[in-house]
>>> print(open('query_38.cif').read())   # mmCIF, C-alpha atoms and all ligand atoms
data_my_file
#
loop_
_atom_site.label_atom_id
_atom_site.label_comp_id
_atom_site.auth_asym_id
_atom_site.auth_seq_id
_atom_site.Cartn_x
_atom_site.Cartn_y
_atom_site.Cartn_z
CA MET Y 22 17.83 61.72 296.74
CA THR Y 23 18.93 59.96 293.62
CA PRO Y 24 21.30 57.00 293.62
CA LEU Y 25 24.80 57.42 292.16
CA TYR Y 26 24.15 54.28 290.18
CA GLU Y 27 21.24 51.92 289.66
CA GLY Y 28 21.78 48.44 288.28
CA LYS Y 29 19.38 45.56 287.73
CA ALA Y 30 19.59 44.27 291.32
CA LYS Y 31 21.32 46.99 293.35
CA ARG Y 32 21.58 50.74 293.89
CA LEU Y 33 24.62 52.68 295.04
CA TRP Y 34 24.26 55.75 297.25
CA ALA Y 35 26.73 58.36 298.50
CA THR Y 36 27.60 58.56 302.20
CA ALA Y 37 29.28 61.26 304.30
CA ASP Y 38 32.62 59.59 303.52
CA PRO Y 39 33.58 60.16 299.84
CA ASN Y 40 35.43 56.83 299.82
CA VAL Y 41 32.51 54.84 301.18
CA LEU Y 42 29.21 54.06 299.41
CA ARG Y 43 25.96 52.49 300.54
CA MET Y 44 24.97 49.50 298.44
CA GLU Y 45 21.27 48.64 298.49
CA PHE Y 46 19.99 45.20 297.46
CA LYS Y 47 16.73 45.43 295.48
CA ASN Y 48 13.96 42.87 295.21
CA ASP Y 49 14.09 43.09 291.40
CA ALA Y 50 15.29 40.08 289.47
CA THR Y 51 16.21 39.89 285.80
CA ALA Y 52 17.42 37.13 283.54
CA PHE Y 53 18.60 36.73 279.96
CA ASN Y 54 20.18 40.17 279.95
CA GLY Y 55 17.15 41.92 281.37
CA GLU Y 56 14.63 40.33 278.96
CA LYS Y 57 12.83 38.55 281.80
CA LYS Y 58 11.89 40.65 284.81
CA ALA Y 59 10.21 40.05 288.15
CA SER Y 60 10.28 41.22 291.73
CA PHE Y 61 10.51 38.88 294.69
CA GLU Y 62 9.53 39.97 298.18
CA ASN Y 63 12.56 39.53 300.48
CA LYS Y 64 15.11 38.94 297.72
CA GLY Y 65 17.10 42.04 298.72
CA ARG Y 66 17.12 40.99 302.35
CA LEU Y 67 18.12 37.39 301.58
CA ASN Y 68 20.89 38.32 299.13
CA ASN Y 69 22.24 40.95 301.50
CA ALA Y 70 22.35 38.47 304.38
CA ILE Y 71 23.98 35.75 302.25
CA SER Y 72 26.49 38.10 300.62
CA THR Y 73 27.41 39.75 303.93
CA LEU Y 74 28.20 36.38 305.55
CA ILE Y 75 30.21 35.25 302.53
CA TYR Y 76 32.22 38.49 302.26
CA GLY Y 77 32.97 38.29 305.99
CA MET Y 78 34.17 34.72 305.51
CA LEU Y 79 36.29 35.64 302.47
CA GLU Y 80 37.91 38.57 304.32
CA LYS Y 81 38.83 36.13 307.13
CA GLU Y 82 40.39 33.87 304.49
CA GLY Y 83 42.55 36.79 303.34
CA VAL Y 84 40.63 37.89 300.23
CA PRO Y 85 40.53 41.72 299.99
CA THR Y 86 36.99 42.92 299.21
CA HIS Y 87 35.01 46.17 299.04
CA PHE Y 88 32.93 45.16 302.07
CA VAL Y 89 32.89 47.48 305.10
CA ARG Y 90 29.85 46.55 307.21
CA GLN Y 91 26.17 45.69 307.08
CA ILE Y 92 23.95 48.70 307.82
CA ASP Y 93 20.52 47.05 307.88
CA GLU Y 94 18.50 44.30 306.22
CA THR Y 95 18.96 45.56 302.67
CA ASN Y 96 22.02 47.87 302.88
CA VAL Y 97 25.74 47.51 303.34
CA GLU Y 98 28.61 49.98 303.33
CA VAL Y 99 31.33 49.31 300.78
CA HIS Y 100 34.61 50.95 299.88
CA LYS Y 101 34.13 53.04 296.75
CA VAL Y 102 35.72 51.32 293.76
CA GLU Y 103 35.95 51.85 290.05
CA ILE Y 104 34.42 48.63 288.76
CA LEU Y 105 36.48 46.86 286.09
CA MET Y 106 34.43 46.45 282.93
CA VAL Y 107 35.47 42.79 282.85
CA GLU Y 108 33.27 40.22 284.59
CA VAL Y 109 34.91 36.97 285.64
CA ILE Y 110 32.95 33.71 285.41
CA ILE Y 111 34.31 30.56 287.04
CA ARG Y 112 32.87 27.17 286.13
CA ASN Y 113 33.38 23.86 287.94
CA LEU Y 114 30.59 21.93 286.20
CA ALA Y 115 28.93 22.45 282.82
CA ALA Y 116 25.73 24.53 282.91
CA GLY Y 117 24.03 27.54 281.36
CA SER Y 118 25.73 29.28 278.48
CA PHE Y 119 28.63 26.77 278.53
CA CYS Y 120 26.21 23.98 277.54
CA LYS Y 121 24.50 26.18 274.96
CA ARG Y 122 27.83 27.13 273.38
CA THR Y 123 29.39 23.66 273.35
CA GLY Y 124 26.54 21.15 273.30
CA VAL Y 125 28.01 19.48 276.42
CA GLU Y 126 25.38 17.99 278.75
CA GLU Y 127 24.58 19.87 281.97
CA GLY Y 128 26.46 18.58 284.99
CA ARG Y 129 29.72 17.40 283.39
CA VAL Y 130 32.46 17.89 285.99
CA PHE Y 131 35.47 19.78 284.62
CA SER Y 132 38.98 18.43 285.23
CA GLN Y 133 39.93 21.93 286.39
CA PRO Y 134 38.00 25.20 286.78
CA ILE Y 135 37.21 27.13 283.60
CA ILE Y 136 37.62 30.90 283.73
CA GLU Y 137 35.80 33.20 281.32
CA PHE Y 138 36.01 36.94 280.89
CA CYS Y 139 32.97 38.93 279.69
CA ILE Y 140 32.55 42.62 278.94
CA LYS Y 141 30.27 44.19 281.56
CA SER Y 142 27.75 45.75 279.20
CA ASP Y 143 23.98 45.29 279.26
CA GLU Y 144 23.82 46.89 275.83
CA LEU Y 145 26.11 44.24 274.32
CA GLY Y 146 24.71 41.41 276.47
CA ASP Y 147 27.94 40.79 278.43
CA PRO Y 148 29.81 39.18 275.50
CA LEU Y 149 32.46 36.54 276.16
CA VAL Y 150 35.91 37.88 275.19
CA ASN Y 151 39.51 36.71 275.39
CA ASP Y 152 42.69 38.34 276.73
CA ASP Y 153 43.50 39.92 273.37
CA TYR Y 154 40.11 41.67 273.15
CA ILE Y 155 40.54 42.96 276.69
CA ARG Y 156 44.04 44.29 275.97
CA GLU Y 157 42.99 45.89 272.69
CA LEU Y 158 39.91 47.52 274.27
CA SER Y 159 42.02 48.67 277.26
CA LEU Y 160 39.53 47.06 279.67
CA ALA Y 161 42.40 45.70 281.78
CA THR Y 162 46.13 45.19 281.48
CA PRO Y 163 47.67 41.71 281.10
CA GLU Y 164 48.93 42.13 284.70
CA ASP Y 165 45.38 42.90 285.88
CA LEU Y 166 44.11 39.80 284.07
CA ALA Y 167 46.75 37.60 285.69
CA PHE Y 168 45.69 39.01 289.07
CA LEU Y 169 41.97 38.42 288.31
CA ARG Y 170 42.62 34.81 287.29
CA GLU Y 171 44.59 34.09 290.45
CA ALA Y 172 42.06 35.86 292.70
CA ALA Y 173 39.14 34.07 291.01
CA LEU Y 174 40.77 30.65 291.48
CA LYS Y 175 41.47 31.42 295.13
CA VAL Y 176 37.88 32.55 295.73
CA ASN Y 177 36.66 29.45 293.88
CA ALA Y 178 38.71 27.10 296.08
CA ILE Y 179 37.42 28.80 299.25
CA LEU Y 180 33.80 28.82 298.04
CA ILE Y 181 33.79 25.19 296.84
CA ASP Y 182 34.80 24.15 300.37
CA PHE Y 183 32.45 26.58 302.04
CA PHE Y 184 29.38 25.59 300.00
CA ALA Y 185 30.22 21.89 300.45
CA ARG Y 186 29.84 22.54 304.19
CA CYS Y 187 26.41 23.98 303.28
CA GLY Y 188 25.51 20.78 301.43
CA LEU Y 189 25.74 22.66 298.12
CA LYS Y 190 27.73 22.11 294.95
CA LEU Y 191 29.22 25.29 293.48
CA VAL Y 192 28.52 24.81 289.77
CA ASP Y 193 29.56 28.25 288.50
CA PHE Y 194 29.51 31.90 289.53
CA LYS Y 195 30.31 35.44 288.43
CA LEU Y 196 32.71 37.84 290.14
CA GLU Y 197 33.29 41.55 289.68
CA PHE Y 198 36.37 43.43 290.81
CA GLY Y 199 37.14 47.12 291.27
CA ARG Y 200 40.00 49.53 291.91
CA LEU Y 201 39.78 51.19 295.31
CA ALA Y 202 39.01 54.91 294.90
CA ALA Y 203 41.34 55.64 297.82
CA GLN Y 204 44.12 53.43 296.42
CA PRO Y 205 43.69 52.91 292.65
CA GLY Y 206 46.64 50.50 292.47
CA LYS Y 207 44.69 48.01 294.55
CA ILE Y 208 42.05 45.74 292.99
CA VAL Y 209 39.51 44.18 295.36
CA LEU Y 210 36.53 41.86 295.01
CA ALA Y 211 33.34 43.94 294.64
CA ASP Y 212 29.64 43.44 293.82
CA GLU Y 213 27.86 40.57 295.66
CA ILE Y 214 27.99 36.81 296.04
CA SER Y 215 24.47 35.41 296.24
CA PRO Y 216 22.20 32.89 294.49
CA ASP Y 217 21.60 35.62 291.85
CA GLY Y 218 25.13 35.18 290.49
CA CYS Y 219 26.01 31.59 291.46
CA ARG Y 220 24.65 28.21 290.43
CA LEU Y 221 24.24 26.09 293.55
CA TRP Y 222 22.92 22.52 293.48
CA ASP Y 223 21.90 20.52 296.53
CA LEU Y 224 24.66 17.95 297.10
CA LYS Y 225 22.22 15.12 297.85
CA THR Y 226 19.27 15.76 295.53
CA GLY Y 227 20.85 17.88 292.79
CA GLU Y 228 18.02 20.37 293.22
CA LYS Y 229 18.75 23.86 291.86
CA MET Y 230 18.96 26.42 294.68
CA ASP Y 231 19.71 29.61 292.72
CA LYS Y 232 18.40 32.05 290.10
CA ASP Y 233 17.94 29.20 287.60
CA ARG Y 234 14.66 28.58 289.51
CA PHE Y 235 13.54 31.97 288.14
CA ARG Y 236 15.23 31.66 284.73
CA ARG Y 237 13.59 28.28 284.12
CA ASP Y 238 10.29 28.89 285.96
CA LEU Y 239 10.94 26.11 288.47
CA GLY Y 240 8.98 27.86 291.25
CA ASN Y 241 9.84 28.32 294.95
CA VAL Y 242 12.56 30.84 294.08
CA MET Y 243 12.69 32.65 297.43
CA GLU Y 244 12.19 29.40 299.34
CA ALA Y 245 15.45 28.20 297.77
CA TYR Y 246 17.28 31.48 298.59
CA ALA Y 247 16.00 31.28 302.19
CA GLU Y 248 17.27 27.71 302.46
CA VAL Y 249 20.69 28.82 301.12
CA LEU Y 250 20.77 31.56 303.79
CA GLU Y 251 19.98 29.09 306.59
CA ARG Y 252 22.77 26.79 305.42
CA VAL Y 253 25.24 29.68 305.00
CA LYS Y 254 24.38 30.82 308.54
CA SER Y 255 25.06 27.33 309.91
CA ALA Y 256 28.36 27.07 308.04
CA THR Y 257 29.61 30.46 309.31
CA ARG Y 258 28.50 29.92 312.92
P1 LIG V 301 25.99 31.64 282.21
O1 LIG V 301 26.03 30.15 282.20
O2 LIG V 301 24.63 32.20 281.89
O3 LIG V 301 27.07 32.24 281.39
O4 LIG V 301 26.26 32.11 283.72
C1 LIG V 301 27.38 31.64 284.44
C2 LIG V 301 27.28 32.10 285.89
O5 LIG V 301 27.44 33.50 285.99
C3 LIG V 301 25.94 31.80 286.54
O6 LIG V 301 26.19 31.37 287.88
C4 LIG V 301 25.20 33.10 286.57
C5 LIG V 301 26.31 34.12 286.57
N1 LIG V 301 25.96 35.31 285.79
C6 LIG V 301 25.68 36.50 286.42
O7 LIG V 301 25.70 36.58 287.65
N2 LIG V 301 25.38 37.59 285.67
C7 LIG V 301 25.36 37.55 284.32
O8 LIG V 301 25.08 38.58 283.70
C8 LIG V 301 25.65 36.30 283.67
C9 LIG V 301 25.64 36.19 282.18
C10 LIG V 301 25.95 35.22 284.43
N1 LIG V 302 22.13 38.95 285.27
C1 LIG V 302 21.77 38.89 283.87
C2 LIG V 302 20.41 39.55 283.65
O1 LIG V 302 19.84 40.05 284.54
C3 LIG V 302 21.83 37.52 283.29
C4 LIG V 302 21.35 36.40 284.14
O2 LIG V 302 21.64 36.35 285.31
O3 LIG V 302 20.67 35.50 283.58
O4 LIG V 302 19.84 39.62 282.61
#
>>> encode(input="query_38.cif", output="structure tokens")
Amino acid sequence: MTPLYEGKAKRLWATADPNVLRMEFKNDATAFNGEKKASFENKGRLNNAISTLIYGMLEKEGVPTHFVRQIDETNVEVHKVEILMVEVIIRNLAAGSFCKRTGVEEGRVFSQPIIEFCIKSDELGDPLVNDDYIRELSLATPEDLAFLREAALKVNAILIDFFARCGLKLVDFKLEFGRLAAQPGKIVLADEISPDGCRLWDLKTGEKMDKDRFRRDLGNVMEAYAEVLERVKSATR
């Protein structure tokens, strides 16, 4: 069997239901647009467990997502969607490319969340774009963008609270959305929410508990992911 799609950290497989896909979490990790590569034993299992608990929590909070159910340690079933080619990044504190672009020191707390749109393209390196680019390139309509902004802010508010209960500060994160194959008028949250696509700092020590441990060679990458899972489990119990 060949997957319908293979990305850097996940594979998508067909199921008996044409509107449902199997999403497999891989152990592969990449950074800096695929320039840096590694594989971590258990990463797929940890990200699946974390993402499954978070999507369950978000659904309970009234956020429509692609999530159907967990199948096993590294697989979930998801509603088939057409992924929007616009990635949404939400920032609460300065870090990563924000600091590089602006010269602002890491850790500055923003007066309100910053939303960025990027084109989902490995080839182009996920470039930052504005509403006019997105309209002109027909990546999404102005109405879609208004919806994405509102949905991203809602998810951010829920996750800030949730991760605070985990003793973690939500610094920034990336969301992807898709149109349901069975109902193309409806856009839902898709992809995953895990330490691969979020920056999470320990509330007490400031320690980085996310993929920056890999990006910056800080060591103990999976130990940090496992600790995030334990805290997420406690907060959803
Ligand atoms: P950045 O500071 O590198 O732009 O990243 C902001 C957040 O988005 C960070 O939590 C990591 C996440 N992210 C992804 O998940 N995938 C990506 O391709 C990029 C660029 C960022
Ligand atoms: N996800 C992107 C990559 O794999 C960027 C990153 O997370 O640093 O290259």
>>> closest_residue(input="query_38.cif", among="Y:Arg90, Y:Val107, Y:Gly117, Y:Gly55", to="Leu196 of chain Y", atoms="all atoms listed in the file")
Y:Val107
>>> closest_atom_pairs(input="query_38.cif", of="chain Y", to="ligand LIG 302 (chain V)", cutoff="10 Å", atoms="only C-alpha atoms and all ligand atoms", output="JSON lines")
{"residue": "Y:Gly28", "atom": "CA", "partner": "V:LIG302", "partner_atom": "O1", "distance": 9.4}
{"residue": "Y:Lys29", "atom": "CA", "partner": "V:LIG302", "partner_atom": "O1", "distance": 6.4}
{"residue": "Y:Ala30", "atom": "CA", "partner": "V:LIG302", "partner_atom": "O1", "distance": 8.0}
{"residue": "Y:Asp49", "atom": "CA", "partner": "V:LIG302", "partner_atom": "O1", "distance": 9.5}
{"residue": "Y:Ala50", "atom": "CA", "partner": "V:LIG302", "partner_atom": "O1", "distance": 6.7}
{"residue": "Y:Thr51", "atom": "CA", "partner": "V:LIG302", "partner_atom": "O1", "distance": 3.8}
{"residue": "Y:Ala52", "atom": "CA", "partner": "V:LIG302", "partner_atom": "O4", "distance": 3.6}
{"residue": "Y:Phe53", "atom": "CA", "partner": "V:LIG302", "partner_atom": "O4", "distance": 4.1}
{"residue": "Y:Asn54", "atom": "CA", "partner": "V:LIG302", "partner_atom": "O4", "distance": 2.7}
{"residue": "Y:Gly55", "atom": "CA", "partner": "V:LIG302", "partner_atom": "O4", "distance": 3.8}
{"residue": "Y:Glu56", "atom": "CA", "partner": "V:LIG302", "partner_atom": "O4", "distance": 6.4}
{"residue": "Y:Lys57", "atom": "CA", "partner": "V:LIG302", "partner_atom": "O4", "distance": 7.1}
{"residue": "Y:Lys58", "atom": "CA", "partner": "V:LIG302", "partner_atom": "O1", "distance": 8.0}
{"residue": "Y:Gly117", "atom": "CA", "partner": "V:LIG302", "partner_atom": "O3", "distance": 8.9}
{"residue": "Y:Ser118", "atom": "CA", "partner": "V:LIG302", "partner_atom": "O3", "distance": 9.5}
{"residue": "Y:Asp143", "atom": "CA", "partner": "V:LIG302", "partner_atom": "O4", "distance": 7.8}
{"residue": "Y:Gly146", "atom": "CA", "partner": "V:LIG302", "partner_atom": "O4", "distance": 8.0}
{"residue": "Y:Asp147", "atom": "CA", "partner": "V:LIG302", "partner_atom": "C1", "distance": 8.4}
{"residue": "Y:Phe194", "atom": "CA", "partner": "V:LIG302", "partner_atom": "O2", "distance": 10.0}
{"residue": "Y:Lys195", "atom": "CA", "partner": "V:LIG302", "partner_atom": "O2", "distance": 9.3}
{"residue": "Y:Pro216", "atom": "CA", "partner": "V:LIG302", "partner_atom": "O2", "distance": 9.8}
{"residue": "Y:Asp217", "atom": "CA", "partner": "V:LIG302", "partner_atom": "O2", "distance": 6.6}
{"residue": "Y:Gly218", "atom": "CA", "partner": "V:LIG302", "partner_atom": "O2", "distance": 6.4}
{"residue": "Y:Cys219", "atom": "CA", "partner": "V:LIG302", "partner_atom": "O2", "distance": 8.9}
{"residue": "Y:Lys232", "atom": "CA", "partner": "V:LIG302", "partner_atom": "O2", "distance": 7.2}
{"residue": "Y:Asp233", "atom": "CA", "partner": "V:LIG302", "partner_atom": "O3", "distance": 8.0}
{"residue": "Y:Phe235", "atom": "CA", "partner": "V:LIG302", "partner_atom": "O3", "distance": 9.2}
{"residue": "Y:Arg236", "atom": "CA", "partner": "V:LIG302", "partner_atom": "O3", "distance": 6.8}
>>> closest_residue(input="query_38.cif", among="Y:Ala185, Y:Lys64, Y:Lys81, Y:Glu197", to="Phe138 of chain Y", atoms="only C-alpha atoms")
Y:Glu197
>>> closest_residue(input="query_38.cif", among="Y:Ser72, Y:Asn48, Y:Ser60, Y:Thr86", to="Val249 of chain Y", atoms="all atoms listed in the file")
Y:Ser72
>>> closest_residue(input="query_38.cif", among="Y:Thr257, Y:Gln204, Y:Asn177, Y:Ser142", to="ligand LIG 301 (chain V)", atoms="only C-alpha atoms and all ligand atoms")
Y:Ser142
>>> residues_near_point(input="query_38.cif", point="(35.7, 23.5, 291.5)", cutoff="8 Å", atoms="all atoms listed in the file", output="ChimeraX atom specification")
/Y:112-114,131,133-134,177-178,181,191-192
>>> atom_distance(input="query_38.cif", atom1="atom CA of Val84 of chain Y", atom2="atom CA of Ala173 of chain Y")
10.1 Å
>>> closest_residue(input="query_38.cif", among="Y:Pro39, Y:Gly227, Y:Pro205, Y:Pro24", to="Leu105 of chain Y", atoms="all atoms listed in the file")
Y:Pro205
>>> atom_distance(input="query_38.cif", atom1="atom CA of Ala167 of chain Y", atom2="atom CA of Gly128 of chain Y")
27.8 Å
>>> residues_around(input="query_38.cif", residues="Ile136 of chain Y", least_positions_apart="4", cutoff="7 Å", atoms="only C-alpha atoms", output="count of residues only")
4
>>> residues_around(input="query_38.cif", residues="Val150 of chain Y", least_positions_apart="5", cutoff="8 Å", atoms="all atoms listed in the file", output="MDAnalysis selection string")
chainID Y and resid 137:140 155
>>> residues_around(input="query_38.cif", residues="Leu166 of chain Y", least_positions_apart="2", cutoff="10 Å", atoms="all atoms listed in the file", output="count of residues only")
16
>>> atom_distance(input="query_38.cif", atom1="atom CA of Arg66 of chain Y", atom2="atom CA of Ile214 of chain Y")
13.2 Å
>>> axis_aligned_box(input="query_38.cif", around="ligand LIG 301 (chain V)", padding_each_side="5 Å", output="JSON")
{"center_x": 26.0, "center_y": 34.4, "center_z": 284.6, "size_x": 12.8, "size_y": 18.4, "size_z": 16.5}
